[in-house]
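Written below as structure tokens is the structure these notes are about.
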Number of protein chains: 2
Amino acid sequence: MPKQVDHAARRAELAHAALRLCARDGLAGVSIGGVAQEAGVSKGLVQHYFGARADLMRASAQLLRREIEGHVRAALREAAGPADTLRRTLLAVVELGSRAPVLLLAGHAFLATAVTDPDVRELYRAGGDAVHREIAALVAASAADPGVEAGAEAHVLLALARGLADGVLVGELGIAEATAVLDHQLRRLGLPAGS
Amino acid sequence: MPKQVDHAARRAELAHAALRLCARDGLAGVSIGGVAQEAGVSKGLVQHYFGARADLMRASAQLLRREIEGHVRAALREAAGPADTLRRTLLAVVELGSRAPVLLLAGHAFLATAVTDPDVRELYRAGGDAVHREIAALVAASAADPGVEAGAEAHVLLALARGLADGVLVGELGIAEATAVLDHQLRRLGLPAGS
DNA sequence: AACGTCACGATACACTCGTATCGCAAAGAG
DNA sequence: CTCTTTGCGATACGAGTGTATCGTGACGTT
């Protein structure tokens with residue numbers, strides 16, 4: 001066997017470059033040559049690891065999902081209790097707008113294809129549903145008043161976090177403002193909401 | 001004077017075609033030839049009305065803004081009182097996800113450039129701020145409890161409506177579900193919220 | 001040491017892109 | 001009718017695209 005290379009690592013590295021371009025120019029702006037230049041490698045190498053452009057896009061979409069998931073999970077390292085976990089989760093989503101705009105923008109780019117492409121759509125819905133379930137569970141576990149409808153509240157909180165992330169992304173709100181808005185809503189549910 | 005043509009109307013017609021392509025393929029997927037084909041005209045005609053591609057994109061962005069504004073205003077025709085106007089406004093935003101996905105998707109496409117391009121960014125922020133002010137005013141006018149912070153509540157409601165619109169767009173929620181979630185939040189503010 | 005396999009670069013080709021530049025037809029002005 | 005302006009189609013050209021196909025090293029096996 002000849003030269004040994006970590007196939008998966010190389011693919012991930014190239015997919016990362018693809019996501020950066022995707023955030024800048026949109027989905028259609030991602031080109032083989034562009035990714036090669038962004039990653040500082042030859043055009044042939046990209047072609048070697050992703051036979052066709054479609055492969056690159058698929059891999060990028062899946063990497064995006066993992067990246068966002070990782071970003072959110074990283075924010076939960078030192079969470080204490082379900083209420084705190086809930087708040088940190090939502091804050092992590094909001095902070096995508098300022099800390100990882102690349103992921104958020106790439107997500108928006110893929111959203112367009114999700115409307116047409118069933119595969120990407122399923123990827124999107126699966127991710128969204130998972131987060132929704134998780135948030136609903138956290139709401140149910142941390143609510144003081146047992147009368148709250150966890151599912152509906154989770155929809156409110158998730159949609160709110162997403163909307164705030166977009167607001168932060170374009171600079172309509174600062175992170176501090178967005179955090180305050182989020183805490184305002186959390187307090188209304190009878191949940192602790194940071195300082 | 002030779003043949004008389006409604007310049008503005010032609011430009012709007014072509015910009016409409018551009019928005020459709022934008023929703024399908026993203027910003028970078030909008031091409032002169034593509035717009036020509038979508039509109040059923042020659043490539044030269046598009047070039048005649050928009051000297052360069054950048055002109056086309058600018059015109060499309062402005063048309064997008066007017067279209068969304070028109071869509072929302074159309075929903076307020078038979079609004080009765082500030083509370084009803086508030087609800088209809090928010091619902092109109094949510095319904096962009098199901099009734100005018102083209103506008104919503106095109107908006108997401110332009111969002112990417114808003115992060116880099118100061119002009120588009122300003123267009124975006126100006127539109128968002130205007131809606132925010134309007135919603136804040138409606139909240140203040142229709143709130144039973146004078147203690148509510150209209151600005152913060154407006155941020156919550158606007159971000160919520162945007163997030164719900166995205167959810168509806170990808171099919172995570174139905175319009176009925178999204179409406180219920182929105183009404184749930186409105187009721188919590190002590191506002192009437194439809195049936 | 002010879003070999004086969006794989007990573008990777010270089011090149012070729014058909015295609016689409018944006019833009020510039022023609023040319024013709026139509027229609028009001030004289 | 002003629003002239004001039006404008007709407008619009010057709011074409012040309014360079015740059016950039018995705019993909020196919022080479023070539024050339026580097027390595028593990030035998």
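Residue numbering restarts at 1 for every chain of the structure tokens, chains are lettered A, B, ... in their displayed order, and ligands are numbered from 1 as they appear.
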*Backbone DSSP call of helix (DSSP H, G or I) for chain B, listed as a PyMOL selection string*: chain B and resi 7-25+27-29+32-39+43-49+53-74+81-99+101-116+118-142+150-170+175-188
*asked:* Using only C-alpha atoms and a cut-off of 9 Å, which residues of chain A sit close to chain B? Please list them as a PyMOL selection string.
replied: chain A and resi 23-29+101+105-106+108-109+111-116+121+124-125+128-129+152-153+155-167+169-172+177-178+180-182+184-185+188
For C-alpha atoms, I'd like the residues from the last selection saved as an mmCIF file, in the first residue's frame.
```cif
data_model
loop_
_atom_site.group_PDB
_atom_site.id
_atom_site.type_symbol
_atom_site.label_atom_id
_atom_site.label_comp_id
_atom_site.auth_asym_id
_atom_site.auth_seq_id
_atom_site.Cartn_x
_atom_site.Cartn_y
_atom_site.Cartn_z
ATOM 1 C CA ALA A 23 -21.091 31.654 3.369
ATOM 2 C CA ARG A 24 -19.530 34.263 1.117
ATOM 3 C CA ASP A 25 -21.052 33.529 -2.268
ATOM 4 C CA GLY A 26 -23.929 31.174 -1.593
ATOM 5 C CA LEU A 27 -24.359 27.605 -2.689
ATOM 6 C CA ALA A 28 -23.945 28.256 -6.391
ATOM 7 C CA GLY A 29 -20.781 30.187 -5.678
ATOM 8 C CA PRO A 101 -21.543 33.466 11.034
ATOM 9 C CA LEU A 105 -24.852 31.772 6.462
ATOM 10 C CA ALA A 106 -24.035 28.386 5.010
ATOM 11 C CA HIS A 108 -29.211 29.736 5.020
ATOM 12 C CA ALA A 109 -27.677 28.834 1.701
ATOM 13 C CA LEU A 111 -32.072 26.180 3.262
ATOM 14 C CA ALA A 112 -32.847 27.148 -0.310
ATOM 15 C CA THR A 113 -32.109 23.680 -1.610
ATOM 16 C CA ALA A 114 -33.930 22.109 1.306
ATOM 17 C CA VAL A 115 -37.152 23.422 -0.203
ATOM 18 C CA THR A 116 -36.526 21.482 -3.411
ATOM 19 C CA ARG A 121 -34.788 18.817 3.405
ATOM 20 C CA TYR A 124 -32.669 19.985 7.834
ATOM 21 C CA ARG A 125 -35.868 18.746 9.392
ATOM 22 C CA GLY A 128 -34.471 20.945 13.657
ATOM 23 C CA ASP A 129 -36.733 18.290 15.119
ATOM 24 C CA ALA A 152 -45.420 24.909 22.174
ATOM 25 C CA GLU A 153 -42.949 26.697 24.428
ATOM 26 C CA HIS A 155 -41.346 26.133 19.349
ATOM 27 C CA VAL A 156 -41.483 29.673 20.682
ATOM 28 C CA LEU A 157 -37.993 29.487 22.150
ATOM 29 C CA LEU A 158 -36.411 27.803 19.136
ATOM 30 C CA ALA A 159 -37.980 30.179 16.643
ATOM 31 C CA LEU A 160 -37.034 33.083 18.866
ATOM 32 C CA ALA A 161 -33.422 31.936 19.095
ATOM 33 C CA ARG A 162 -33.205 31.506 15.338
ATOM 34 C CA GLY A 163 -34.726 34.887 14.681
ATOM 35 C CA LEU A 164 -32.374 36.528 17.166
ATOM 36 C CA ALA A 165 -29.398 34.815 15.562
ATOM 37 C CA ASP A 166 -30.316 36.385 12.232
ATOM 38 C CA GLY A 167 -30.781 39.737 13.908
ATOM 39 C CA LEU A 169 -25.872 38.350 12.164
ATOM 40 C CA VAL A 170 -26.870 41.489 10.296
ATOM 41 C CA GLY A 171 -26.186 43.720 13.256
ATOM 42 C CA GLU A 172 -29.746 44.683 14.089
ATOM 43 C CA GLU A 177 -29.323 42.921 23.528
ATOM 44 C CA ALA A 178 -30.271 39.548 22.118
ATOM 45 C CA ALA A 180 -31.465 40.303 27.288
ATOM 46 C CA VAL A 181 -34.419 39.624 24.997
ATOM 47 C CA LEU A 182 -33.962 35.892 25.398
ATOM 48 C CA HIS A 184 -36.768 38.336 29.214
ATOM 49 C CA GLN A 185 -38.731 35.550 27.583
ATOM 50 C CA ARG A 188 -41.662 35.015 31.730
#
```
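Interatomic distance, CA of Ile68 in chain A to CA of Glu134 in chain A: 14.9 Å.
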*asked:* Distance limit 12 Å, atoms considered: only C-alpha atoms (C1' of nucleotides). Which chain A residues sit that close to chain C? Return them as a list in words.
replied: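 So the contacting residues turn out to be Met1, Pro2, Lys3, Gln4, Val5, Asp6, His7, Arg10, Val41, Ser42, Lys43, Gly44, Leu45, Val46, Gln47, His48 and Tyr49 of chain A.
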For those residues, write C-alpha atoms to a file as a compact mmCIF listing (two decimals), in the first residue's frame.
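Final output, saved to again.txt:
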```txt
# COMPACT_ATOMS: atom_id res chain seq x y z
CA MET A 1 0.00 0.00 0.00
CA PRO A 2 1.40 3.43 -0.92
CA LYS A 3 1.26 6.75 0.83
CA GLN A 4 -1.18 6.67 3.71
CA VAL A 5 -3.49 9.64 4.06
CA ASP A 6 -6.37 10.25 6.40
CA HIS A 7 -9.09 10.32 3.82
CA ARG A 10 -8.75 15.65 4.03
CA VAL A 41 -4.28 22.84 -2.86
CA SER A 42 -4.55 21.89 -6.51
CA LYS A 43 -7.80 21.62 -8.36
CA GLY A 44 -7.07 17.98 -9.14
CA LEU A 45 -6.83 17.12 -5.44
CA VAL A 46 -10.33 18.33 -4.77
CA GLN A 47 -11.47 16.28 -7.70
CA HIS A 48 -9.60 13.30 -6.29
CA TYR A 49 -11.47 13.37 -2.98
```
Contacts of chain D with chain B up to 12 Å, shortest pair per row, only C-alpha atoms (C1' of nucleotides), as JSON lines:
```
{"residue": "D:DC3", "atom": "C1'", "partner": "B:Met1", "partner_atom": "CA", "distance": 11.5}
{"residue": "D:DT4", "atom": "C1'", "partner": "B:Met1", "partner_atom": "CA", "distance": 8.5}
{"residue": "D:DT5", "atom": "C1'", "partner": "B:Pro2", "partner_atom": "CA", "distance": 6.0}
{"residue": "D:DT6", "atom": "C1'", "partner": "B:Pro2", "partner_atom": "CA", "distance": 5.5}
{"residue": "D:DG7", "atom": "C1'", "partner": "B:Lys3", "partner_atom": "CA", "distance": 6.8}
{"residue": "D:DC8", "atom": "C1'", "partner": "B:Leu45", "partner_atom": "CA", "distance": 5.9}
{"residue": "D:DG9", "atom": "C1'", "partner": "B:Gly44", "partner_atom": "CA", "distance": 6.6}
{"residue": "D:DA10", "atom": "C1'", "partner": "B:Gly44", "partner_atom": "CA", "distance": 8.4}
{"residue": "D:DT11", "atom": "C1'", "partner": "B:Gly44", "partner_atom": "CA", "distance": 10.5}
```
Write out the residues from the selection above, keeping C-alpha atoms (C1' of nucleotides), as a compact mmCIF listing (two decimals), in the first residue's frame.
```txt
# COMPACT_ATOMS: atom_id res chain seq x y z
C1' DC D 3 -34.53 60.75 -40.82
C1' DT D 4 -33.29 59.87 -36.34
C1' DT D 5 -33.79 57.76 -32.17
C1' DT D 6 -34.73 53.76 -29.56
C1' DG D 7 -35.96 48.69 -28.61
C1' DC D 8 -34.12 44.56 -29.16
C1' DG D 9 -31.93 40.34 -31.22
C1' DA D 10 -27.50 38.15 -32.72
C1' DT D 11 -22.93 37.42 -32.43
```
*asked:* For a test of reading the model, state the distance in Å between C1' of DG23 in chain D and CA of Gly51 in chain A, rounded to one decimal.
replied: 19.2 Å
*Could you tell me how far CA of Ser31 in chain A lies from CA of Gly34 in chain B, in Å and to one decimal?*
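These atoms are spaced 18.4 Å apart.
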Spatial neighbours of Glu67 in chain B, max dist 10 Å, only C-alpha atoms (C1' of nucleotides), sep filter under 6 positions, as a CSV table (one decimal) with N, CA and C atoms, in the first residue's frame:
```csv
chain,number,residue,atom,x,y,z
B,16,HIS,N,-38.3,40.4,-11.3
B,16,HIS,CA,-39.1,39.3,-10.7
B,16,HIS,C,-38.5,37.9,-11.1
B,61,ALA,N,-32.8,43.4,-5.3
B,61,ALA,CA,-32.9,43.6,-3.9
B,61,ALA,C,-33.9,44.6,-3.5
B,73,ARG,N,-48.4,44.7,3.9
B,73,ARG,CA,-49.5,45.7,3.9
B,73,ARG,C,-50.8,45.2,3.4
B,100,ALA,N,-45.3,32.9,0.1
B,100,ALA,CA,-44.4,33.6,-0.8
B,100,ALA,C,-42.9,33.1,-0.5
B,103,LEU,N,-39.9,35.0,-1.9
B,103,LEU,CA,-39.5,36.2,-1.3
B,103,LEU,C,-38.6,35.8,-0.1
```
